>>> print(open('run-v8.txt').read())   # compact mmCIF, C-alpha atoms
# COMPACT_ATOMS: atom_id res chain seq x y z
CA MET J 5 -8.11 -12.17 -21.24
CA GLU J 6 -6.73 -10.79 -24.49
CA THR J 7 -3.35 -9.11 -24.01
CA SER J 8 -4.36 -6.29 -26.35
CA ASP J 9 -7.50 -5.58 -24.31
CA LEU J 10 -5.59 -4.80 -21.11
CA ARG J 11 -2.95 -2.81 -22.96
CA SER J 12 -5.62 -0.82 -24.80
CA ASP J 13 -7.53 -0.11 -21.60
CA ILE J 14 -4.35 1.20 -19.93
CA VAL J 15 -3.58 3.41 -22.93
CA ARG J 16 -7.15 4.81 -22.92
CA ALA J 17 -6.92 5.51 -19.20
CA ILE J 18 -3.63 7.34 -19.66
CA VAL J 19 -5.09 9.45 -22.46
CA ALA J 20 -8.16 10.20 -20.34
CA SER J 21 -6.01 11.69 -17.59
CA LEU J 22 -3.32 13.41 -19.69
CA GLY J 23 -5.14 16.74 -19.66
CA SER J 24 -5.69 16.72 -15.92
CA GLY J 25 -2.53 18.67 -15.04
CA HIS J 26 -1.70 17.28 -11.60
CA ARG J 27 -0.65 13.62 -11.92
CA ALA J 28 -1.50 13.70 -15.63
CA GLY J 29 -1.23 10.25 -17.18
CA ASP J 30 -1.47 8.33 -13.93
CA VAL J 31 -3.32 5.04 -14.27
CA ALA J 32 -4.38 2.24 -11.91
CA VAL J 33 -5.33 -1.40 -12.34
CA ALA J 34 -7.34 -3.51 -9.92
CA VAL J 35 -6.57 -7.22 -10.38
CA ILE J 36 -9.46 -9.27 -8.98
CA CYS J 37 -8.95 -12.99 -8.41
CA PRO J 38 -11.67 -15.64 -8.63
CA ALA J 39 -13.01 -17.02 -5.37
CA ALA J 40 -11.03 -20.26 -5.70
CA ALA J 41 -7.66 -18.62 -6.43
CA PHE J 42 -6.51 -18.77 -2.81
CA ALA J 43 -8.76 -21.50 -1.49
CA ASP J 44 -5.76 -23.31 0.01
CA ALA J 45 -4.27 -20.23 1.68
CA PRO J 46 -4.34 -20.28 5.51
CA SER J 47 -6.89 -18.04 7.19
CA TRP J 48 -7.93 -17.22 10.75
CA SER J 49 -10.23 -14.86 12.63
CA PRO J 50 -11.21 -14.65 16.31
CA GLY J 51 -14.77 -15.79 15.57
CA ASP J 52 -18.30 -14.57 14.92
CA GLY J 53 -19.01 -10.89 15.35
CA PHE J 54 -15.44 -9.72 14.80
CA THR J 55 -14.55 -7.29 12.02
CA ALA J 56 -11.07 -6.34 10.93
CA VAL J 57 -9.74 -2.99 12.13
CA GLY J 58 -8.78 -0.79 9.17
CA GLY J 59 -10.70 -2.81 6.57
CA GLU J 60 -11.03 -6.48 5.71
CA SER J 61 -7.96 -8.05 4.16
CA PRO J 62 -6.64 -11.60 3.69
CA GLU J 63 -3.80 -10.70 6.04
CA SER J 64 -5.77 -8.84 8.71
CA ARG J 65 -4.06 -9.01 12.10
CA CYS J 66 -6.36 -6.92 14.31
CA TRP J 67 -10.10 -7.35 14.91
CA GLU J 68 -12.81 -5.85 17.09
CA ARG J 69 -16.26 -6.87 18.32
CA GLN J 70 -19.04 -4.87 19.96
CA ASN J 71 -20.31 -6.86 22.94
CA ALA J 72 -23.86 -6.98 24.25
CA ASP J 73 -22.82 -5.40 27.57
CA GLY J 74 -21.49 -2.28 25.83
CA THR J 75 -17.84 -3.26 26.00
CA VAL J 76 -15.52 -3.87 23.06
CA THR J 77 -13.19 -6.82 22.57
CA VAL J 78 -10.08 -6.30 20.45
CA VAL J 79 -7.87 -9.16 19.27
CA ALA J 80 -4.43 -8.37 17.83
CA ALA J 81 -1.97 -10.95 16.51
CA GLY J 82 1.75 -10.21 16.65
CA VAL J 83 1.87 -7.60 19.40
CA GLY J 84 5.27 -6.98 20.95
CA ASP J 85 8.90 -7.12 19.94
CA PRO J 86 11.05 -9.19 20.03
CA VAL J 87 8.65 -11.74 21.56
CA ALA J 88 5.32 -11.41 19.77
CA GLU J 89 2.00 -12.38 21.33
CA VAL J 90 -1.69 -12.53 20.52
CA TRP J 91 -3.60 -10.10 22.74
CA THR J 92 -7.32 -10.26 23.52
CA VAL J 93 -8.52 -7.17 25.38
CA THR J 94 -12.01 -6.31 26.58
CA ALA J 95 -12.85 -2.86 27.93
CA ALA J 96 -15.15 0.13 27.48
CA PRO J 97 -15.02 1.57 23.93
CA GLU J 98 -13.45 4.87 25.05
CA ALA J 99 -10.61 3.00 26.76
CA PHE J 100 -9.17 2.16 23.33
CA ASP J 101 -9.06 5.79 22.13
CA GLY J 102 -5.35 6.23 22.80
CA CYS J 103 -4.26 2.96 21.19
CA GLY J 104 -4.17 4.14 17.58
CA LEU J 105 -5.40 0.76 16.34
CA GLY J 106 -6.18 2.07 12.88
CA ASN J 107 -2.48 2.72 12.36
CA SER J 108 -0.66 0.21 14.55
CA MET J 109 -2.01 -2.57 16.70
CA HIS J 110 1.07 -2.37 18.95
CA GLY J 111 -0.65 0.55 20.70
CA LEU J 112 -2.82 -2.06 22.36
CA THR J 113 -0.10 -2.42 25.01
CA ALA J 114 -1.36 0.89 26.44
CA MET J 115 -4.32 -1.09 27.79
CA LEU J 116 -2.02 -2.43 30.53
CA ASP J 117 -2.54 0.93 32.23
CA VAL J 118 -6.34 0.95 31.93
CA PRO J 119 -8.13 -0.05 35.15
CA GLY J 120 -10.65 -2.81 34.63
CA ALA J 121 -9.39 -3.89 31.21
CA VAL J 122 -9.49 -7.67 30.81
CA ILE J 123 -6.36 -8.82 28.99
CA HIS J 124 -5.46 -12.28 27.77
CA ARG J 125 -2.04 -12.90 26.20
CA GLU J 126 -0.86 -16.02 24.39
CA PRO J 127 2.18 -16.89 22.26
CA TYR J 128 2.14 -15.75 18.63
CA ALA J 129 4.63 -18.44 17.61
CA GLY J 130 2.65 -21.47 16.47
CA HIS J 131 -0.65 -19.57 16.45
CA PRO J 132 -2.83 -19.92 13.30
CA ALA J 133 -2.51 -16.15 12.75
CA GLU J 134 1.25 -16.57 12.43
CA SER J 135 0.75 -19.05 9.58
CA VAL J 136 -1.46 -16.53 7.78
CA ALA J 137 1.13 -13.76 8.15
CA ARG J 138 3.94 -16.05 6.99
CA TYR J 139 2.01 -17.05 3.87
CA TRP J 140 1.17 -13.50 2.76
CA ASN J 141 4.61 -12.14 3.66
CA ALA J 142 6.12 -14.71 1.31
CA PHE J 143 3.54 -13.81 -1.35
CA ARG J 144 4.37 -10.11 -1.07
CA GLN J 145 8.09 -10.77 -1.37
CA GLU J 146 7.54 -12.83 -4.53
CA TRP J 147 4.94 -10.68 -6.27
CA LYS J 148 5.65 -7.21 -4.82
CA VAL J 149 1.92 -6.57 -4.27
CA THR J 150 -0.24 -6.53 -1.15
CA PRO J 151 -3.44 -8.60 -1.04
CA ARG J 152 -6.60 -6.66 -0.37
CA GLY J 153 -10.21 -7.56 0.20
CA GLU J 154 -11.81 -4.70 2.07
CA LYS J 155 -15.10 -3.09 1.18
CA HIS J 156 -15.29 0.15 -0.73
CA ALA J 157 -18.05 2.76 -0.49
CA ASP J 158 -19.00 1.05 2.80
CA THR J 159 -21.46 -1.26 1.04
CA GLU J 160 -19.86 -3.02 -1.91
CA TRP J 161 -17.10 -5.57 -2.22
CA MET J 162 -14.57 -5.34 -5.00
CA GLY J 163 -15.36 -8.43 -7.06
CA GLY J 164 -17.47 -10.16 -4.40
CA PRO J 165 -17.38 -10.78 -0.63
CA GLY J 166 -14.03 -11.92 0.63
CA ARG J 167 -12.35 -12.16 -2.78
CA VAL J 168 -8.67 -11.34 -2.94
CA TRP J 169 -7.62 -8.45 -5.15
CA PHE J 170 -4.55 -6.32 -5.78
CA TYR J 171 -4.29 -2.64 -6.58
CA LEU J 172 -1.47 -1.33 -8.77
CA ASP J 173 -0.89 2.20 -10.02
CA ALA J 174 1.80 4.02 -11.96
CA MET J 175 2.78 7.24 -13.71
CA VAL J 176 2.70 7.21 -17.48
CA GLU J 177 6.44 6.50 -17.81
CA ASP J 178 6.01 3.36 -15.71
CA SER J 179 2.88 2.10 -17.44
CA GLY J 180 4.77 -0.63 -19.27
CA ALA J 181 5.85 -2.21 -15.99
CA LEU J 182 2.30 -1.79 -14.66
CA TYR J 183 0.92 -3.63 -17.66
CA ALA J 184 3.43 -6.47 -17.33
CA ALA J 185 2.77 -6.94 -13.61
CA ALA J 186 -1.02 -6.85 -14.00
CA LEU J 187 -0.93 -9.24 -16.94
CA GLU J 188 1.24 -11.76 -15.09
CA LEU J 189 -1.09 -11.69 -12.07
CA CYS J 190 -4.13 -12.17 -14.31
CA GLU J 191 -2.59 -15.08 -16.21
CA THR J 192 -1.26 -16.80 -13.08
CA PHE J 193 -4.37 -16.54 -10.92
CA GLY J 194 -7.11 -16.44 -13.55
CA ALA J 195 -7.92 -12.89 -12.48
CA THR J 196 -9.76 -10.06 -14.20
CA ALA J 197 -8.49 -6.49 -14.51
CA ARG J 198 -10.26 -3.16 -14.10
CA VAL J 199 -8.44 -0.07 -15.34
CA TYR J 200 -8.91 3.50 -14.05
CA PRO J 201 -7.51 6.91 -15.01
CA TYR J 202 -6.54 9.40 -12.33
CA ASN J 203 -9.14 12.11 -11.76
CA PRO J 204 -7.84 15.29 -10.05
CA ASP J 205 -11.41 16.38 -9.25
CA THR J 206 -11.94 13.39 -6.95
CA GLY J 207 -8.28 13.01 -5.94
CA THR J 208 -8.33 9.31 -6.78
CA TYR J 209 -8.69 6.93 -9.69
CA ASP J 210 -12.18 6.96 -11.22
CA GLY J 211 -14.08 3.92 -10.03
CA GLY J 212 -11.31 2.96 -7.63
CA PRO J 213 -11.88 1.57 -4.15
CA ASP J 214 -12.49 5.05 -2.69
CA THR J 215 -15.26 6.03 -5.12
CA GLN J 216 -18.48 4.65 -6.48
CA PRO J 217 -17.37 2.34 -9.29
CA ASP J 218 -17.58 3.19 -12.96
CA LEU J 219 -15.88 -0.06 -13.84
CA VAL J 220 -13.98 -1.12 -16.93
CA ARG J 221 -14.30 -4.89 -17.04
CA ARG J 222 -12.42 -7.66 -18.83
>>> encode(input="run-v8.txt", output="structure tokens")
Amino acid sequence: METSDLRSDIVRAIVASLGSGHRAGDVAVAVICPAAAFADAPSWSPGDGFTAVGGESPESRCWERQNADGTVTVVAAGVGDPVAEVWTVTAAPEAFDGCGLGNSMHGLTAMLDVPGAVIHREPYAGHPAESVARYWNAFRQEWKVTPRGEKHADTEWMGGPGRVWFYLDAMVEDSGALYAAALELCETFGATARVYPYNPDTGTYDGGPDTQPDLVRR
């Protein structure tokens, strides 16, 4: 990637949104890593048929599966404090309504009060899911970005199925720091960058993960 290309794309995105009034000049960059960038990173999931609650991510910690008998099985890694556990809970779909799993998997403890719920608990310490969390926690502390990998528009993957990507945004006065961070990620992980201006009509960045993409590629 040419340094001037990324800088120019950010400048064009800022100019494109300067007349928007609300959040004028805001710009975002999606940094998309090649498939092999994190090939050695630890990973774990409960198995076939499970999907991550709240969107797929390299550091997903809560999954659910629709069972053939009409029940749902939820697996959550790191439930409880101070002694964390991995919970596997099977019950009717409506039994999970009060758990708030889209916001916090710790609500799964409410299933203790649900008659008929089948609950299995095992130690989190030493579990493969703990290794995954430890790896990405260290990554976040070093790079100050959160890994992402979830689908957008319900049908398309950003950069390809399962590929790790990062999403950075900034106001115009912070665009220099945004450029530096995105460039370092691209150079370190062999990533590509896609740059988006803020669009007040859609309430997001044009082509971002919440809209159909109109992508700027490098």
>>> closest_atom_pairs(input="run-v8.txt", of="range 45-93 of chain J", to="range 115-128 of chain J", cutoff="6 Å", atoms="only C-alpha atoms", output="tab-separated table")
residue	atom	partner	partner_atom	distance
J:Gly82	CA	J:Tyr128	CA	5.9
J:Ala88	CA	J:Tyr128	CA	5.5
J:Glu89	CA	J:Tyr128	CA	4.3
J:Val90	CA	J:Glu126	CA	5.3
J:Trp91	CA	J:Arg125	CA	4.7
J:Thr92	CA	J:His124	CA	5.1
J:Val93	CA	J:Ile123	CA	4.5
>>> atom_distance(input="run-v8.txt", atom1="CA of Val31 in chain J", atom2="CA of Leu172 in chain J")
8.6 Å
>>> closest_residue(input="run-v8.txt", among="J:Cys66, J:Met175, J:Val199, J:Ala72", to="Leu22 in chain J", atoms="only C-alpha atoms")
J:Met175
>>> residues_around(input="run-v8.txt", residues="Gly106 in chain J", least_positions_apart="6", cutoff="10 Å", atoms="only C-alpha atoms", output="list in words")
Ala56, Val57, Gly58, Gly59 and Cys66 of chain J
>>> closest_residue(input="run-v8.txt", among="J:Pro204, J:Gly51, J:Gly29, J:Gly74", to="Ala17 in chain J", atoms="all atoms listed in the file")
J:Gly29
